[in-house]
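Colleague: Sharing data-v3.cif here; it has mmCIF, C-alpha atoms and all ligand atoms; chains and numbers go by the auth columns.
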data_query
loop_
_atom_site.group_PDB
_atom_site.id
_atom_site.type_symbol
_atom_site.label_atom_id
_atom_site.label_comp_id
_atom_site.label_asym_id
_atom_site.label_seq_id
_atom_site.Cartn_x
_atom_site.Cartn_y
_atom_site.Cartn_z
_atom_site.B_iso_or_equiv
_atom_site.auth_seq_id
_atom_site.auth_asym_id
ATOM 1 C CA MET A 1 111.079 119.086 80.350 0.00 1377 K
ATOM 2 C CA GLU A 2 110.163 115.492 81.094 0.00 1378 K
ATOM 3 C CA LYS A 3 108.044 114.937 84.147 0.00 1379 K
ATOM 4 C CA LEU A 4 110.057 113.336 86.867 0.00 1380 K
ATOM 5 C CA VAL A 5 108.860 111.657 90.025 0.00 1381 K
ATOM 6 C CA CYS A 6 110.942 111.725 93.179 0.00 1382 K
ATOM 7 C CA VAL A 7 110.987 108.175 94.510 0.00 1383 K
ATOM 8 C CA VAL A 8 111.800 109.468 98.014 0.00 1384 K
ATOM 9 C CA CYS A 9 108.894 111.889 98.570 0.00 1385 K
ATOM 10 C CA GLY A 10 106.617 110.926 95.677 0.00 1386 K
ATOM 11 C CA MET A 11 106.312 114.468 94.299 0.00 1387 K
ATOM 12 C CA GLU A 12 106.186 115.145 90.581 0.00 1388 K
ATOM 13 C CA ILE A 13 108.715 117.646 89.277 0.00 1389 K
ATOM 14 C CA ASN A 14 107.789 119.642 86.190 0.00 1390 K
ATOM 15 C CA ASP A 15 108.572 122.909 84.421 0.00 1391 K
ATOM 16 C CA LYS A 16 106.381 124.850 86.852 0.00 1392 K
ATOM 17 C CA ASN A 17 107.851 123.706 90.136 0.00 1393 K
ATOM 18 C CA TYR A 18 111.445 122.676 89.430 0.00 1394 K
ATOM 19 C CA ASN A 19 112.707 125.866 91.054 0.00 1395 K
ATOM 20 C CA PHE A 20 110.554 125.674 94.178 0.00 1396 K
ATOM 21 C CA ASN A 21 112.548 126.158 97.412 0.00 1397 K
ATOM 22 C CA LYS A 22 115.546 127.311 95.379 0.00 1398 K
ATOM 23 C CA GLU A 23 116.872 129.244 98.392 0.00 1399 K
ATOM 24 C CA ALA A 24 117.416 125.957 100.220 0.00 1400 K
ATOM 25 C CA PHE A 25 120.041 124.773 97.716 0.00 1401 K
ATOM 26 C CA LEU A 26 123.636 125.710 97.136 0.00 1402 K
ATOM 27 C CA ASN A 27 123.268 125.085 93.384 0.00 1403 K
ATOM 28 C CA PRO A 28 119.610 125.555 92.541 0.00 1404 K
ATOM 29 C CA ASN A 29 117.954 123.619 89.716 0.00 1405 K
ATOM 30 C CA LYS A 30 117.899 124.984 86.211 0.00 1406 K
ATOM 31 C CA MET A 31 115.232 123.966 83.742 0.00 1407 K
ATOM 32 C CA GLU A 32 117.833 122.154 81.608 0.00 1408 K
ATOM 33 C CA ASN A 33 119.690 120.750 84.572 0.00 1409 K
ATOM 34 C CA ILE A 34 117.656 119.268 87.413 0.00 1410 K
ATOM 35 C CA GLU A 35 119.989 118.270 90.221 0.00 1411 K
ATOM 36 C CA TYR A 36 117.585 117.797 93.145 0.00 1412 K
ATOM 37 C CA CYS A 37 114.017 117.206 94.123 0.00 1413 K
ATOM 38 C CA PRO A 38 112.857 120.741 94.988 0.00 1414 K
ATOM 39 C CA PHE A 39 110.560 119.368 97.694 0.00 1415 K
ATOM 40 C CA CYS A 40 112.720 117.004 99.739 0.00 1416 K
ATOM 41 C CA GLY A 41 116.183 117.670 98.311 0.00 1417 K
ATOM 42 C CA ALA A 42 116.897 114.132 97.065 0.00 1418 K
ATOM 43 C CA PRO A 43 119.611 114.150 94.383 0.00 1419 K
ATOM 44 C CA LYS A 44 118.847 113.443 90.748 0.00 1420 K
ATOM 45 C CA GLN A 45 119.467 109.713 90.783 0.00 1421 K
ATOM 46 C CA TYR A 46 116.245 109.481 92.829 0.00 1422 K
ATOM 47 C CA LEU A 47 114.240 111.422 90.226 0.00 1423 K
ATOM 48 C CA GLN A 48 112.842 109.119 87.578 0.00 1424 K
ATOM 49 C CA VAL A 49 110.686 109.478 84.500 0.00 1425 K
ATOM 50 C CA ASP A 50 107.430 107.729 85.415 0.00 1426 K
ATOM 51 C CA GLY A 51 109.044 106.895 88.745 0.00 1427 K
ATOM 52 C CA LYS A 52 107.133 105.454 91.655 0.00 1428 K
ATOM 53 C CA GLU A 53 107.564 106.360 95.272 0.00 1429 K
ATOM 54 C CA TYR A 54 109.353 103.712 97.331 0.00 1430 K
ATOM 55 C CA ASP A 55 107.323 101.007 98.940 0.00 1431 K
ATOM 56 C CA TYR A 56 108.275 100.135 102.460 0.00 1432 K
ATOM 57 C CA ASP A 57 108.069 96.799 104.104 0.00 1433 K
ATOM 58 C CA ARG A 58 106.218 97.913 107.211 0.00 1434 K
ATOM 59 C CA SER A 59 105.953 94.351 108.487 0.00 1435 K
ATOM 60 C CA SER A 60 109.711 94.466 109.058 0.00 1436 K
ATOM 61 C CA LEU A 61 109.352 97.407 111.420 0.00 1437 K
ATOM 62 C CA ASP A 62 109.539 96.318 115.024 0.00 1438 K
ATOM 63 C CA ASP A 63 108.807 98.590 117.983 0.00 1439 K
ATOM 64 C CA GLU A 64 112.392 99.787 118.087 0.00 1440 K
ATOM 65 C CA ALA A 65 112.340 100.783 114.394 0.00 1441 K
ATOM 66 C CA LEU A 66 108.964 102.498 114.795 0.00 1442 K
ATOM 67 C CA LYS A 67 110.369 104.460 117.709 0.00 1443 K
ATOM 68 C CA ILE A 68 113.317 105.614 115.590 0.00 1444 K
ATOM 69 C CA ILE A 69 111.000 106.713 112.773 0.00 1445 K
ATOM 70 C CA ASP A 70 108.597 108.408 115.179 0.00 1446 K
ATOM 71 C CA HIS A 71 111.500 110.369 116.625 0.00 1447 K
ATOM 72 C CA ALA A 72 112.639 111.307 113.106 0.00 1448 K
ATOM 73 C CA VAL A 73 109.150 112.754 112.441 0.00 1449 K
ATOM 74 C CA LYS A 74 109.438 114.836 115.600 0.00 1450 K
ATOM 75 C CA LEU A 75 112.962 115.980 114.835 0.00 1451 K
ATOM 76 C CA GLU A 76 112.005 117.177 111.349 0.00 1452 K
ATOM 77 C CA ILE A 77 108.813 118.902 112.532 0.00 1453 K
ATOM 78 C CA PHE A 78 110.760 120.553 115.329 0.00 1454 K
ATOM 79 C CA ASN A 79 113.282 121.861 112.788 0.00 1455 K
ATOM 80 C CA GLY A 80 110.560 122.857 110.326 0.00 1456 K
ATOM 81 C CA ASP A 81 108.872 124.820 113.091 0.00 1457 K
ATOM 82 C CA PHE A 82 112.167 126.420 114.070 0.00 1458 K
ATOM 83 C CA TYR A 83 112.770 127.624 110.504 0.00 1459 K
ATOM 84 C CA LYS A 84 109.231 128.926 110.191 0.00 1460 K
ATOM 85 C CA LYS A 85 109.664 131.016 113.316 0.00 1461 K
ATOM 86 C CA ALA A 86 113.214 131.985 112.388 0.00 1462 K
ATOM 87 C CA SER A 87 111.954 133.290 109.025 0.00 1463 K
ATOM 88 C CA VAL A 88 109.723 135.707 110.909 0.00 1464 K
ATOM 89 C CA LEU A 89 112.494 136.752 113.302 0.00 1465 K
ATOM 90 C CA ALA A 90 115.231 137.184 110.681 0.00 1466 K
ATOM 91 C CA LYS A 91 116.023 140.698 109.624 0.00 1467 K
ATOM 92 C CA SER A 92 117.618 140.111 106.238 0.00 1468 K
ATOM 93 C CA GLU A 93 115.217 139.371 103.368 0.00 1469 K
ATOM 94 C CA GLU A 94 117.676 136.870 101.940 0.00 1470 K
ATOM 95 C CA ILE A 95 117.909 134.934 105.217 0.00 1471 K
ATOM 96 C CA LYS A 96 114.118 135.003 105.651 0.00 1472 K
ATOM 97 C CA LYS A 97 113.725 133.363 102.250 0.00 1473 K
ATOM 98 C CA ILE A 98 116.337 130.727 103.047 0.00 1474 K
ATOM 99 C CA PHE A 99 114.601 129.873 106.333 0.00 1475 K
ATOM 100 C CA GLU A 100 111.182 129.699 104.649 0.00 1476 K
ATOM 101 C CA ALA A 101 112.505 127.290 102.028 0.00 1477 K
ATOM 102 C CA LEU A 102 114.320 125.186 104.633 0.00 1478 K
ATOM 103 C CA SER A 103 111.156 125.027 106.709 0.00 1479 K
ATOM 104 C CA ARG A 104 109.225 123.550 103.786 0.00 1480 K
ATOM 105 C CA VAL A 105 111.974 121.016 103.070 0.00 1481 K
ATOM 106 C CA GLU A 106 112.086 119.852 106.717 0.00 1482 K
ATOM 107 C CA TYR A 107 108.300 119.511 106.862 0.00 1483 K
ATOM 108 C CA MET A 108 108.510 117.380 103.729 0.00 1484 K
ATOM 109 C CA HIS A 109 111.055 115.170 105.467 0.00 1485 K
ATOM 110 C CA ALA A 110 108.614 114.765 108.356 0.00 1486 K
ATOM 111 C CA ARG A 111 105.923 113.763 105.863 0.00 1487 K
ATOM 112 C CA ILE A 112 108.217 111.122 104.363 0.00 1488 K
ATOM 113 C CA HIS A 113 108.834 109.603 107.804 0.00 1489 K
ATOM 114 C CA LYS A 114 105.126 109.665 108.574 0.00 1490 K
ATOM 115 C CA LYS A 115 104.471 107.654 105.450 0.00 1491 K
ATOM 116 C CA ILE A 116 107.238 105.199 106.291 0.00 1492 K
ATOM 117 C CA GLY A 117 105.838 104.622 109.767 0.00 1493 K
ATOM 118 C CA ASN A 118 102.239 104.862 108.565 0.00 1494 K
ATOM 119 C CA PHE A 119 101.600 107.478 111.232 0.00 1495 K
ATOM 120 C CA LYS A 120 98.399 109.384 110.626 0.00 1496 K
ATOM 121 C CA GLU A 121 98.652 112.167 113.164 0.00 1497 K
ATOM 122 C CA ASP A 122 101.184 114.937 113.518 0.00 1498 K
ATOM 123 C CA PRO A 123 102.862 114.850 116.910 0.00 1499 K
ATOM 124 C CA VAL A 124 102.008 117.755 119.174 0.00 1500 K
ATOM 125 C CA LEU A 125 105.198 119.537 120.107 0.00 1501 K
ATOM 126 C CA ARG A 126 105.811 122.139 122.711 0.00 1502 K
ATOM 127 C CA ASN A 127 105.322 125.651 121.370 0.00 1503 K
ATOM 128 C CA MET A 128 108.811 127.099 121.289 0.00 1504 K
ATOM 129 C CA ASP A 129 109.738 130.722 121.593 0.00 1505 K
ATOM 130 C CA TYR A 130 112.933 131.679 119.784 0.00 1506 K
ATOM 131 C CA SER A 131 112.668 135.427 120.198 0.00 1507 K
ATOM 132 C CA GLN A 132 115.764 135.443 122.414 0.00 1508 K
ATOM 133 C CA TYR A 133 117.788 134.762 119.256 0.00 1509 K
ATOM 134 C CA SER A 134 118.280 138.390 118.570 0.00 1510 K
ATOM 135 C CA SER A 135 120.324 138.445 115.370 0.00 1511 K
ATOM 136 C CA ASP A 136 120.466 136.664 112.039 0.00 1512 K
ATOM 137 C CA ASP A 137 123.910 135.356 112.942 0.00 1513 K
ATOM 138 C CA ILE A 138 122.559 133.667 116.057 0.00 1514 K
ATOM 139 C CA LEU A 139 119.614 132.217 114.110 0.00 1515 K
ATOM 140 C CA LEU A 140 122.016 130.813 111.506 0.00 1516 K
ATOM 141 C CA GLU A 141 124.225 129.369 114.205 0.00 1517 K
ATOM 142 C CA MET A 142 121.250 127.668 115.869 0.00 1518 K
ATOM 143 C CA ALA A 143 120.093 126.402 112.471 0.00 1519 K
ATOM 144 C CA CYS A 144 123.502 124.919 111.757 0.00 1520 K
ATOM 145 C CA LYS A 145 123.504 123.174 115.140 0.00 1521 K
ATOM 146 C CA ARG A 146 120.110 121.608 114.452 0.00 1522 K
ATOM 147 C CA GLU A 147 121.235 120.338 111.084 0.00 1523 K
ATOM 148 C CA LYS A 148 124.300 118.739 112.643 0.00 1524 K
ATOM 149 C CA HIS A 149 122.104 117.052 115.213 0.00 1525 K
ATOM 150 C CA ALA A 150 119.844 115.729 112.439 0.00 1526 K
ATOM 151 C CA VAL A 151 122.806 114.265 110.534 0.00 1527 K
ATOM 152 C CA GLU A 152 124.073 112.608 113.714 0.00 1528 K
ATOM 153 C CA TYR A 153 120.632 111.164 114.318 0.00 1529 K
ATOM 154 C CA TYR A 154 120.385 109.583 110.873 0.00 1530 K
ATOM 155 C CA GLU A 155 123.913 108.245 111.067 0.00 1531 K
ATOM 156 C CA ARG A 156 123.449 106.779 114.509 0.00 1532 K
ATOM 157 C CA TYR A 157 120.144 105.003 113.874 0.00 1533 K
ATOM 158 C CA SER A 158 120.054 103.959 110.242 0.00 1534 K
ATOM 159 C CA GLY A 159 122.012 100.780 111.059 0.00 1535 K
ATOM 160 C CA GLU A 160 119.180 99.658 113.318 0.00 1536 K
ATOM 161 C CA ILE A 161 116.645 99.661 110.487 0.00 1537 K
ATOM 162 C CA SER A 162 116.475 96.475 108.436 0.00 1538 K
ATOM 163 C CA ASP A 163 114.420 97.678 105.437 0.00 1539 K
ATOM 164 C CA SER A 164 116.925 98.723 102.777 0.00 1540 K
ATOM 165 C CA ASN A 165 114.676 101.413 101.239 0.00 1541 K
ATOM 166 C CA ILE A 166 114.241 103.078 104.608 0.00 1542 K
ATOM 167 C CA ARG A 167 117.999 102.994 105.145 0.00 1543 K
ATOM 168 C CA LYS A 168 118.419 104.586 101.713 0.00 1544 K
ATOM 169 C CA VAL A 169 115.960 107.346 102.622 0.00 1545 K
ATOM 170 C CA PHE A 170 117.821 107.996 105.878 0.00 1546 K
ATOM 171 C CA ALA A 171 121.065 108.350 103.907 0.00 1547 K
ATOM 172 C CA VAL A 172 119.455 110.712 101.374 0.00 1548 K
ATOM 173 C CA LEU A 173 117.929 112.929 104.050 0.00 1549 K
ATOM 174 C CA SER A 174 121.170 112.949 105.989 0.00 1550 K
ATOM 175 C CA ASP A 175 122.980 114.226 102.875 0.00 1551 K
ATOM 176 C CA VAL A 176 120.324 116.905 102.403 0.00 1552 K
ATOM 177 C CA GLU A 177 120.908 118.055 105.983 0.00 1553 K
ATOM 178 C CA GLU A 178 124.661 118.050 105.305 0.00 1554 K
ATOM 179 C CA GLU A 179 124.042 120.588 102.579 0.00 1555 K
ATOM 180 C CA HIS A 180 121.937 122.627 104.998 0.00 1556 K
ATOM 181 C CA ILE A 181 124.914 122.682 107.381 0.00 1557 K
ATOM 182 C CA GLU A 182 126.990 124.177 104.615 0.00 1558 K
ATOM 183 C CA LEU A 183 124.251 126.584 103.593 0.00 1559 K
ATOM 184 C CA THR A 184 123.578 127.928 107.089 0.00 1560 K
ATOM 185 C CA GLY A 185 127.263 127.823 108.039 0.00 1561 K
ATOM 186 C CA LYS A 186 128.564 129.998 105.249 0.00 1562 K
ATOM 187 C CA LYS A 187 126.017 132.815 105.288 0.00 1563 K
HETATM 188 ZN ZN ZN B . 111.552 114.460 96.804 0.00 1601 K
#
Would you kindly transcribe this structure into structure tokens?
Modeller:
Amino acid sequence: MEKLVCVVCGMEINDKNYNFNKEAFLNPNKMENIEYCPFCGAPKQYLQVDGKEYDYDRSSLDDEALKIIDHAVKLEIFNGDFYKKASVLAKSEEIKKIFEALSRVEYMHARIHKKIGNFKEDPVLRNMDYSQYSSDDILLEMACKREKHAVEYYERYSGEISDSNIRKVFAVLSDVEEEHIELTGKK
């Protein structure tokens, strides 16, 4: 297959990694039919032969915009951390794998926001204990809730960002989280 570059996260997609995180997708990639970036979930129109990751006009980011992006980093890390812990707590092997894949996708989203905001450090978040979620059904329900919150966040704040590439990225990530709602809601 041709090497593709995801313009959203900058990762190169090739015949070795196209199926990475396949558990995080409703219709996983096939070698002959690449539908998504396996790392961040961006759909195929963002995957380009010899593509180049988006450039952001950071000079257009005022304090308000930086605050929105900083919060998006935290939200995605918080969700990535939740999935990591949920993958340990889950009883079903299938659900564990889904949570592991989702965790990696959410951490990638955090990395994208860090690049947009040019933030060097990871925020330090409170260490959460989710062991009271005592069944896979409860973990899935909590996951679904988090994804809905993420979608609401992107929808609410993207209008306050003036850089069009950043707005595009917010829309892409919001759609990825929409799929996660479906994925965690139907299991
Ligand atoms: Zn990507």
Colleague: Would you please work out which residue, of K:Phe1401, K:Tyr1394, K:Tyr1483, K:Tyr1412, is nearest to ligand ZN 1601 (chain K) when using only C-alpha atoms and all ligand atoms?
Modeller: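 Closest to ligand ZN 1601 (chain K), using only C-alpha atoms and all ligand atoms: K:Tyr1412.
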Colleague: Distance atom CA of Lys1443 of chain K-atom CA of Arg1502 of chain K, one decimal place?
Modeller: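 Atom-to-atom, atom CA of Lys1443 of chain K to atom CA of Arg1502 of chain K, that is 18.9 Å.
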Colleague: Please provide the set of residues having any atom within 6 Å of Ala1486 of chain K, restricted to only C-alpha atoms, with same-chain residues fewer than 2 positions apart removed, written as an NGL selection string.
Modeller: :K and (1449 or 1452-1453 or 1483-1484 or 1488-1489)
Colleague: Using only C-alpha atoms, determine which residues lie at most 10 Å from Asp1505 of chain K, disregarding the query and same-chain residues fewer than 3 positions distant; provide the list as a list in words.
Modeller: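 Near neighbours after the sequence-gap exclusion: Phe1458, Lys1461, Ala1462, Arg1502, Gln1508 and Tyr1509 of chain K.
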Colleague: Work out how far atom CA of Glu1523 of chain K is from atom CA of Cys1413 of chain K, in Å to one decimal.
Modeller: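 Computed distance, atom CA of Cys1413 of chain K to atom CA of Glu1523 of chain K, equals 18.7 Å.
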Colleague: Apply the PyMOL selection byres (((chain K and resi 1550-1557) around 7) and not hetatm) to the file shown and report the selected residues as JSON, numbers by chain.
Modeller: {"K": [1417, 1418, 1520, 1523, 1524, 1526, 1527, 1530, 1546, 1547, 1548, 1549, 1558, 1559, 1560, 1561]}
Colleague: Which residues, written as a list in words, have at least one atom at most 9 Å from Leu1442 of chain K, with all atoms listed in the file counted and residues fewer than 5 positions away on the same chain left out?
Modeller: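 In the requested format, the answer is Leu1437, His1447 and Gly1493 of chain K.
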